[in-house]
Amino acid sequence: MSETELKQGIREHLGQFSLHVLLVFATGLTIGSERAVVPVLGRDVLGVESLFVIGSFVVSFGIVKSILNLYAGKWGEEYGRKPVLVLGWATALPLPVILIFAPSWAWITVGNVLLGVNQALTWSMAINAKIDLAGPDQRGLAVGIDEAFGYSGVAVGAWVTGLIAGQWNLRPEPFYFLAVVVVLAFLISIFLITETLQFAQAEGDDDHHDANLPFVAVLERATYGDRTLFAAAQAGHIENFVDTLFWIAVPLYLTSRGLGIEAVGVVVGVHSAMYFLQIGTGGLADRIGRRPPVIVGMFLAGGGVLGMALVDGYLPWAVLAAVSGLGMALLYPNLMTVPSDAAHPTWRSAGMGVYRMWRDSGYAVGAILIGLSMELIGAEAAFYMTAVLMFLSGAIVYVWMEETHPDFGTHEPPVPATEPAAAAVPED
């Protein structure tokens with residue numbers, strides 16, 4: 001492939017970039033189709049009385065997605081983005097069937113294992129492909145577009161399935177919609193998507209001391225070896241408590257307060273719809289840096305969650321759901337851009353995988369803590385706990401996370417990963 005063909009830029013690769021935007025929207029639709037309907041399905045159709053047990057389906061999702069995120073990045077470096085993407089959509093094909101015919105909650109939990117695999121592989125490859133195509137000058141914008149359309153898909157999925165459930169039944173009708181989404185995305189991945197790994201390979205200097213880190217070294221660097229990356233990882237872990245809250249606690253809490261399932265779908269959808277602003281917040285971070293929007297977003301999202309437990313009524317709940325969604329739009333793409341900035345192109349996908357592992361393990365930990373809070377104390381306790389943890393995590397970001405923007409950042413790797421003269425020997 002010639003140098004001209006390897007030129008990066010969203011405009012230069014608008015066709016493939018747009019297809020990946022469409023696919024990440026489908027990824028959001030897939031998970032969004034569960035947001036408003038499935039927790040209520042467990043309580044009202046399958047007869048699950050324990051709020052902690054209802055939360056178990058998010059635990060299985062979070063564990064699987066976090067582990068697969070780690071390896072998705074590694075596999076994306078070894079085998080290319082497209083094969084991993086196709087595999088991710090293949091694993092989602094049985095999901096609508098399971099949700100339609102599941103005779104017990106255990107089957108829903110098993111189905112969410114497949115959902116975790118799907119979300120890890122498809123979303124990881126969608127975002128890495130966009131970064132490959134966009135190049136370093138548009139990295140924040142690429143991540144912002146990815147997350148904006150992905151979470152717009154979550155919002156639309158929650159709204160559509162809530163509307164369908166309100167007009168017909170909690171099942172099977174909402175999951176016919178899900179089946180159409182999964183099949184179309186699978187076919188697009190096979191027949192229309194082309195490989196993008198070569199762009200990342202051409203971007204990096206393999207002779208740089210930080211190039212070609214072994215996988216274990218990447219895991220160590222992105223977890224605890226770099227204070228900035230640790231701050232980003234813990235913030236990503238905690239901010240997913242907010243997403244988990246809107247998946248488990250918000251539908252159950254609002255329906256228990258007398259709100260209908262269609263209105264619940266709107267409230268959950270409004271929160272996720274605010275993520276569309278990531279197109280602007282990702283581009284903003286390309287101009288002012290990653291750190292300011294992350295810090296503001298952590299406190300704004302926590303404040304919106306706290307407010308939802310202190311008010312009553314459809315409109316106040318919707319407004320505060322939007323406030324928390326705005327906070328997430330500020331922090332979400334820019335936290336993800338931090339490891340992208342800090343990683344050498346030869347291990348960027350793996351470094352992003354480590355960050356996404358720690359971030360999405362927040363689904364599992366959050367589901368356990370939120371479920372226990374609701375079970376042992378009350379629904380409001382889950383909102384208070386999530387808000388407090390967001391404030392504490394935001395404080396850690398403020399103290400420890402340096403700016404990683406390549407033009408005016410202050411962050412540098414703590415030590416060279418290898419000695420140039422002996423590149424195979426890691427330095428202690």
# chains A, B, ... in the order shown; residues from 1 in each chain; ligands from 1
$ residues_around --residues "A:Val182" --least-positions-apart "2" --cutoff "9 Å" --atoms "only C-alpha atoms" --output "PDB file with N, CA and C atoms, in the first residue's frame"
ATOM      1  N   ALA A  26     -24.955   0.469  16.332  1.00  0.00           N
ATOM      2  CA  ALA A  26     -25.605  -0.834  16.502  1.00  0.00           C
ATOM      3  C   ALA A  26     -25.180  -1.510  17.803  1.00  0.00           C
ATOM      4  N   THR A  27     -23.904  -1.345  18.171  1.00  0.00           N
ATOM      5  CA  THR A  27     -23.440  -1.886  19.455  1.00  0.00           C
ATOM      6  C   THR A  27     -24.214  -1.254  20.610  1.00  0.00           C
ATOM      7  N   LEU A  29     -27.264   0.111  20.358  1.00  0.00           N
ATOM      8  CA  LEU A  29     -28.633  -0.385  20.278  1.00  0.00           C
ATOM      9  C   LEU A  29     -28.764  -1.751  20.960  1.00  0.00           C
ATOM     10  N   THR A  30     -27.743  -2.588  20.806  1.00  0.00           N
ATOM     11  CA  THR A  30     -27.791  -3.941  21.357  1.00  0.00           C
ATOM     12  C   THR A  30     -27.873  -3.914  22.876  1.00  0.00           C
ATOM     13  N   TRP A  89     -19.719  -9.745  16.680  1.00  0.00           N
ATOM     14  CA  TRP A  89     -21.117  -9.757  16.239  1.00  0.00           C
ATOM     15  C   TRP A  89     -21.670 -11.171  16.148  1.00  0.00           C
ATOM     16  N   ALA A  90     -20.810 -12.141  15.827  1.00  0.00           N
ATOM     17  CA  ALA A  90     -21.276 -13.532  15.782  1.00  0.00           C
ATOM     18  C   ALA A  90     -21.765 -13.994  17.156  1.00  0.00           C
ATOM     19  N   ALA A  92     -23.275 -12.329  19.363  1.00  0.00           N
ATOM     20  CA  ALA A  92     -24.552 -11.716  19.741  1.00  0.00           C
ATOM     21  C   ALA A  92     -25.749 -12.362  19.065  1.00  0.00           C
ATOM     22  N   LEU A  93     -25.529 -13.185  18.058  1.00  0.00           N
ATOM     23  CA  LEU A  93     -26.649 -13.750  17.305  1.00  0.00           C
ATOM     24  C   LEU A  93     -27.630 -14.552  18.175  1.00  0.00           C
ATOM     25  N   LEU A  95     -28.404 -14.008  21.281  1.00  0.00           N
ATOM     26  CA  LEU A  95     -28.923 -13.219  22.400  1.00  0.00           C
ATOM     27  C   LEU A  95     -30.424 -12.949  22.320  1.00  0.00           C
ATOM     28  N   PRO A  96     -30.972 -12.479  21.184  1.00  0.00           N
ATOM     29  CA  PRO A  96     -32.421 -12.243  21.150  1.00  0.00           C
ATOM     30  C   PRO A  96     -33.236 -13.504  21.434  1.00  0.00           C
ATOM     31  N   PHE A 177     -36.853  -6.417  17.624  1.00  0.00           N
ATOM     32  CA  PHE A 177     -36.042  -5.256  17.219  1.00  0.00           C
ATOM     33  C   PHE A 177     -34.559  -5.557  17.395  1.00  0.00           C
ATOM     34  N   LEU A 178     -34.192  -6.131  18.530  1.00  0.00           N
ATOM     35  CA  LEU A 178     -32.800  -6.483  18.806  1.00  0.00           C
ATOM     36  C   LEU A 178     -32.266  -7.468  17.771  1.00  0.00           C
ATOM     37  N   ALA A 179     -33.072  -8.445  17.384  1.00  0.00           N
ATOM     38  CA  ALA A 179     -32.623  -9.455  16.425  1.00  0.00           C
ATOM     39  C   ALA A 179     -32.280  -8.830  15.080  1.00  0.00           C
ATOM     40  N   VAL A 180     -33.084  -7.878  14.622  1.00  0.00           N
ATOM     41  CA  VAL A 180     -32.816  -7.208  13.349  1.00  0.00           C
ATOM     42  C   VAL A 180     -31.489  -6.454  13.413  1.00  0.00           C
ATOM     43  N   LEU A 184     -28.106  -7.442  10.992  1.00  0.00           N
ATOM     44  CA  LEU A 184     -27.600  -6.448  10.043  1.00  0.00           C
ATOM     45  C   LEU A 184     -26.156  -6.064  10.352  1.00  0.00           C
ATOM     46  N   ALA A 185     -25.830  -5.866  11.632  1.00  0.00           N
ATOM     47  CA  ALA A 185     -24.462  -5.494  12.010  1.00  0.00           C
ATOM     48  C   ALA A 185     -23.474  -6.605  11.666  1.00  0.00           C
ATOM     49  N   PHE A 186     -23.877  -7.836  11.875  1.00  0.00           N
ATOM     50  CA  PHE A 186     -23.027  -8.983  11.538  1.00  0.00           C
ATOM     51  C   PHE A 186     -22.715  -9.000  10.045  1.00  0.00           C
ATOM     52  N   LEU A 187     -23.719  -8.762   9.217  1.00  0.00           N
ATOM     53  CA  LEU A 187     -23.522  -8.784   7.760  1.00  0.00           C
ATOM     54  C   LEU A 187     -22.646  -7.618   7.303  1.00  0.00           C
TER      55      LEU A 187
END
$ residues_around --residues "stretch 189-205 of chain A" --least-positions-apart "4" --cutoff "7 Å" --atoms "only C-alpha atoms" --output "ChimeraX atom specification"
/A:6,16,80-82,85-86,129,132-133,185,344-346
$ write_last_selection --atoms "all heavy atoms" --output "compact mmCIF listing (two decimals), in the first residue's frame"
# COMPACT_ATOMS: atom_id res chain seq x y z
N LEU A 6 -2.03 5.35 2.80
CA LEU A 6 -1.92 5.23 4.24
C LEU A 6 -2.09 6.57 4.95
O LEU A 6 -1.91 6.65 6.15
CB LEU A 6 -0.57 4.62 4.62
CG LEU A 6 -0.44 3.12 4.40
CD1 LEU A 6 0.97 2.65 4.71
CD2 LEU A 6 -1.44 2.36 5.26
N GLN A 16 -15.25 4.33 5.28
CA GLN A 16 -15.01 3.33 6.31
C GLN A 16 -15.27 3.89 7.72
O GLN A 16 -15.83 3.20 8.57
CB GLN A 16 -13.57 2.80 6.21
CG GLN A 16 -13.36 1.78 5.13
CD GLN A 16 -14.13 0.49 5.38
OE1 GLN A 16 -13.98 -0.14 6.43
NE2 GLN A 16 -14.95 0.09 4.42
N GLY A 80 -5.56 -8.31 13.64
CA GLY A 80 -6.26 -7.26 12.91
C GLY A 80 -7.60 -6.93 13.54
O GLY A 80 -8.14 -7.70 14.34
N ARG A 81 -8.12 -5.77 13.16
CA ARG A 81 -9.37 -5.30 13.78
C ARG A 81 -10.59 -6.06 13.25
O ARG A 81 -11.50 -6.39 14.00
CB ARG A 81 -9.58 -3.82 13.52
CG ARG A 81 -8.38 -2.89 13.64
CD ARG A 81 -7.59 -2.99 14.90
NE ARG A 81 -6.67 -1.85 15.03
CZ ARG A 81 -5.60 -1.84 15.79
NH1 ARG A 81 -5.25 -2.92 16.48
NH2 ARG A 81 -4.84 -0.75 15.89
N LYS A 82 -10.63 -6.34 11.94
CA LYS A 82 -11.83 -6.92 11.34
C LYS A 82 -12.19 -8.30 11.88
O LYS A 82 -13.36 -8.55 12.21
CB LYS A 82 -11.70 -6.95 9.82
CG LYS A 82 -12.94 -7.56 9.15
CD LYS A 82 -12.90 -7.46 7.63
CE LYS A 82 -14.14 -8.12 7.03
NZ LYS A 82 -14.23 -7.92 5.57
N LEU A 85 -13.80 -7.96 15.20
CA LEU A 85 -15.11 -7.32 15.06
C LEU A 85 -16.17 -8.33 14.62
O LEU A 85 -17.28 -8.39 15.19
CB LEU A 85 -15.01 -6.18 14.05
CG LEU A 85 -16.29 -5.39 13.76
CD1 LEU A 85 -16.69 -4.57 14.98
CD2 LEU A 85 -16.09 -4.48 12.55
N VAL A 86 -15.85 -9.13 13.61
CA VAL A 86 -16.80 -10.13 13.12
C VAL A 86 -17.13 -11.15 14.21
O VAL A 86 -18.30 -11.53 14.40
CB VAL A 86 -16.23 -10.83 11.86
CG1 VAL A 86 -17.11 -12.02 11.46
CG2 VAL A 86 -16.12 -9.84 10.71
N ALA A 129 -10.36 1.15 15.33
CA ALA A 129 -10.38 1.41 13.89
C ALA A 129 -10.54 2.90 13.61
O ALA A 129 -9.88 3.44 12.70
CB ALA A 129 -11.52 0.62 13.24
N ASP A 132 -7.24 4.51 14.31
CA ASP A 132 -6.32 4.17 13.22
C ASP A 132 -6.52 5.11 12.04
O ASP A 132 -5.56 5.63 11.46
CB ASP A 132 -6.56 2.73 12.75
CG ASP A 132 -6.18 1.68 13.78
OD1 ASP A 132 -5.41 2.00 14.70
OD2 ASP A 132 -6.66 0.54 13.64
N LEU A 133 -7.77 5.30 11.65
CA LEU A 133 -8.08 6.08 10.46
C LEU A 133 -7.88 7.58 10.68
O LEU A 133 -7.44 8.29 9.77
CB LEU A 133 -9.52 5.82 10.02
CG LEU A 133 -9.84 4.40 9.54
CD1 LEU A 133 -11.34 4.23 9.35
CD2 LEU A 133 -9.10 4.08 8.25
N ALA A 185 -25.83 -5.87 11.63
CA ALA A 185 -24.46 -5.49 12.01
C ALA A 185 -23.47 -6.60 11.67
O ALA A 185 -22.35 -6.34 11.21
CB ALA A 185 -24.41 -5.18 13.50
N HIS A 344 2.47 4.13 22.87
CA HIS A 344 3.11 4.09 21.56
C HIS A 344 2.17 3.37 20.59
O HIS A 344 1.47 2.43 20.99
CB HIS A 344 4.44 3.33 21.65
CG HIS A 344 5.27 3.44 20.42
ND1 HIS A 344 5.10 2.61 19.34
CD2 HIS A 344 6.28 4.30 20.07
CE1 HIS A 344 5.97 2.93 18.39
NE2 HIS A 344 6.69 3.95 18.81
N PRO A 345 2.11 3.78 19.32
CA PRO A 345 1.18 3.13 18.37
C PRO A 345 1.33 1.63 18.28
O PRO A 345 0.37 0.93 17.96
CB PRO A 345 1.52 3.81 17.04
CG PRO A 345 2.02 5.16 17.42
CD PRO A 345 2.77 4.95 18.71
N THR A 346 2.54 1.10 18.57
CA THR A 346 2.73 -0.35 18.46
C THR A 346 2.00 -1.12 19.56
O THR A 346 1.78 -2.32 19.42
CB THR A 346 4.23 -0.71 18.54
OG1 THR A 346 4.78 -0.18 19.76
CG2 THR A 346 4.99 -0.14 17.35
$ closest_residue --among "A:Ser340, A:Asn112, A:Thr122, A:Thr386" --to "A:Thr244" --atoms "only C-alpha atoms"
A:Thr386
$ residues_around --residues "A:Gly55" --least-positions-apart "2" --cutoff "6 Å" --atoms "only C-alpha atoms" --output "compact mmCIF listing (two decimals) with all heavy atoms, in the first residue's frame"
# COMPACT_ATOMS: atom_id res chain seq x y z
N PHE A 52 -30.70 -7.74 44.54
CA PHE A 52 -29.32 -8.17 44.35
C PHE A 52 -29.23 -9.23 43.25
O PHE A 52 -28.32 -9.20 42.41
CB PHE A 52 -28.74 -8.71 45.65
CG PHE A 52 -27.32 -9.18 45.53
CD1 PHE A 52 -26.28 -8.28 45.36
CD2 PHE A 52 -27.01 -10.53 45.57
CE1 PHE A 52 -24.97 -8.70 45.24
CE2 PHE A 52 -25.70 -10.97 45.44
CZ PHE A 52 -24.68 -10.05 45.28
N VAL A 53 -30.19 -10.16 43.24
CA VAL A 53 -30.21 -11.20 42.20
C VAL A 53 -30.46 -10.57 40.83
O VAL A 53 -29.83 -10.95 39.84
CB VAL A 53 -31.27 -12.28 42.53
CG1 VAL A 53 -31.43 -13.24 41.35
CG2 VAL A 53 -30.88 -13.05 43.77
N PHE A 57 -27.22 -10.10 36.60
CA PHE A 57 -27.01 -10.18 35.15
C PHE A 57 -26.02 -9.11 34.68
O PHE A 57 -25.35 -9.29 33.67
CB PHE A 57 -28.34 -10.11 34.41
CG PHE A 57 -28.90 -8.74 34.13
CD1 PHE A 57 -29.06 -8.28 32.84
CD2 PHE A 57 -29.30 -7.91 35.17
CE1 PHE A 57 -29.59 -7.03 32.57
CE2 PHE A 57 -29.84 -6.67 34.92
CZ PHE A 57 -29.98 -6.22 33.61
N VAL A 58 -25.90 -8.02 35.40
CA VAL A 58 -24.90 -7.02 35.07
C VAL A 58 -23.52 -7.45 35.57
O VAL A 58 -22.50 -7.12 34.97
CB VAL A 58 -25.29 -5.64 35.63
CG1 VAL A 58 -24.26 -4.59 35.26
CG2 VAL A 58 -26.66 -5.23 35.09
N ALA A 367 -22.42 -3.27 40.08
CA ALA A 367 -23.66 -4.03 40.21
C ALA A 367 -23.77 -4.69 41.59
O ALA A 367 -24.85 -4.72 42.20
CB ALA A 367 -23.75 -5.08 39.11
N GLY A 371 -26.55 -3.34 44.03
CA GLY A 371 -27.54 -4.34 44.42
C GLY A 371 -27.61 -4.52 45.92
O GLY A 371 -28.71 -4.59 46.50
$ closest_residue --among "A:Val264, A:Met336, A:Leu369, A:Leu114" --to "A:Val97" --atoms "only C-alpha atoms"
A:Leu114
$ closest_residue --among "A:Trp358, A:Tyr314, A:Tyr332, A:Tyr253" --to "A:Glu147" --atoms "only C-alpha atoms"
A:Tyr332
$ closest_residue --among "A:Ala231, A:Ala318, A:Met385, A:Ala222" --to "A:Leu259" --atoms "only C-alpha atoms"
A:Ala318
$ closest_residue --among "A:Ile10, A:Ile396, A:Val354, A:Ile63" --to "A:Glu220" --atoms "only C-alpha atoms"
A:Val354
$ residues_around --residues "A:Thr281" --least-positions-apart "4" --cutoff "8 Å" --atoms "only C-alpha atoms" --output "list in words"
Gly144, Leu277, Ala285, Pro293, Ala329, Leu330, Pro333 and Asn334 of chain A
$ write_last_selection --atoms "C-alpha atoms" --output "compact mmCIF listing (two decimals), in the first residue's frame"
# COMPACT_ATOMS: atom_id res chain seq x y z
CA GLY A 144 -15.88 11.55 20.83
CA LEU A 277 -22.48 15.58 23.02
CA ALA A 285 -10.32 18.19 24.41
CA PRO A 293 -13.34 18.09 30.87
CA ALA A 329 -20.23 13.11 27.98
CA LEU A 330 -17.45 15.35 29.28
CA PRO A 333 -14.28 10.02 25.69
CA ASN A 334 -11.48 12.02 27.26
$ residues_around --residues "A:Leu389" --least-positions-apart "5" --cutoff "9 Å" --atoms "only C-alpha atoms" --output "PyMOL selection string"
chain A and resi 238-239+241+302+384+394
$ write_last_selection --atoms "C-alpha atoms" --output "PDB file, in the first residue's frame"
ATOM      1  CA  ILE A 238     -15.917   4.339  39.148  1.00  0.00           C
ATOM      2  CA  GLU A 239     -17.727   6.248  36.396  1.00  0.00           C
ATOM      3  CA  PHE A 241     -21.081   2.834  38.466  1.00  0.00           C
ATOM      4  CA  GLY A 302     -21.959  12.669  40.536  1.00  0.00           C
ATOM      5  CA  TYR A 384     -25.888   8.300  47.413  1.00  0.00           C
ATOM      6  CA  GLY A 394     -12.731  13.015  40.695  1.00  0.00           C
TER       7      GLY A 394
END
$ decode --residues "stretch 125-178 of chain A" --atoms "C-alpha atoms" --output "short mmCIF file (atom, residue, chain, number, x, y, z; two decimals), in the first residue's frame"
data_model
loop_
_atom_site.label_atom_id
_atom_site.label_comp_id
_atom_site.auth_asym_id
_atom_site.auth_seq_id
_atom_site.Cartn_x
_atom_site.Cartn_y
_atom_site.Cartn_z
CA MET A 125 -12.45 -2.72 17.54
CA ALA A 126 -14.78 0.09 16.47
CA ILE A 127 -12.89 2.65 18.53
CA ASN A 128 -9.44 1.36 17.59
CA ALA A 129 -10.38 1.41 13.89
CA LYS A 130 -11.55 5.03 14.17
CA ILE A 131 -8.30 6.03 15.91
CA ASP A 132 -6.32 4.17 13.22
CA LEU A 133 -8.08 6.08 10.46
CA ALA A 134 -8.20 9.51 12.14
CA GLY A 135 -4.57 9.91 13.20
CA PRO A 136 -3.17 11.80 16.23
CA ASP A 137 -4.50 15.25 15.27
CA GLN A 138 -8.13 14.08 15.33
CA ARG A 139 -7.86 11.42 18.04
CA GLY A 140 -10.10 13.17 20.55
CA LEU A 141 -12.69 13.89 17.87
CA ALA A 142 -12.63 10.26 16.72
CA VAL A 143 -13.17 8.96 20.25
CA GLY A 144 -15.88 11.55 20.83
CA ILE A 145 -17.73 10.53 17.67
CA ASP A 146 -17.39 6.86 18.60
CA GLU A 147 -18.78 7.29 22.09
CA ALA A 148 -21.44 9.79 20.98
CA PHE A 149 -22.97 7.45 18.45
CA GLY A 150 -22.46 4.38 20.63
CA TYR A 151 -24.35 5.88 23.54
CA SER A 152 -26.92 7.46 21.26
CA GLY A 153 -27.55 3.86 20.25
CA VAL A 154 -27.99 2.97 23.92
CA ALA A 155 -30.51 5.79 24.29
CA VAL A 156 -32.46 4.83 21.17
CA GLY A 157 -32.42 1.16 22.15
CA ALA A 158 -33.78 1.92 25.63
CA TRP A 159 -36.44 4.28 24.24
CA VAL A 160 -37.60 1.97 21.41
CA THR A 161 -37.81 -1.18 23.52
CA GLY A 162 -39.52 0.73 26.34
CA LEU A 163 -42.05 2.04 23.82
CA ILE A 164 -42.60 -1.42 22.34
CA ALA A 165 -43.00 -2.97 25.80
CA GLY A 166 -45.50 -0.29 26.79
CA GLN A 167 -47.58 -0.85 23.64
CA TRP A 168 -47.39 -4.66 23.62
CA ASN A 169 -45.49 -6.78 26.18
CA LEU A 170 -42.17 -6.99 28.00
CA ARG A 171 -41.39 -9.89 25.67
CA PRO A 172 -41.06 -11.10 22.94
CA GLU A 173 -41.82 -7.95 20.90
CA PRO A 174 -38.92 -5.70 22.13
CA PHE A 175 -36.38 -8.37 21.26
CA TYR A 176 -37.52 -8.73 17.64
CA PHE A 177 -36.04 -5.26 17.22
CA LEU A 178 -32.80 -6.48 18.81
#
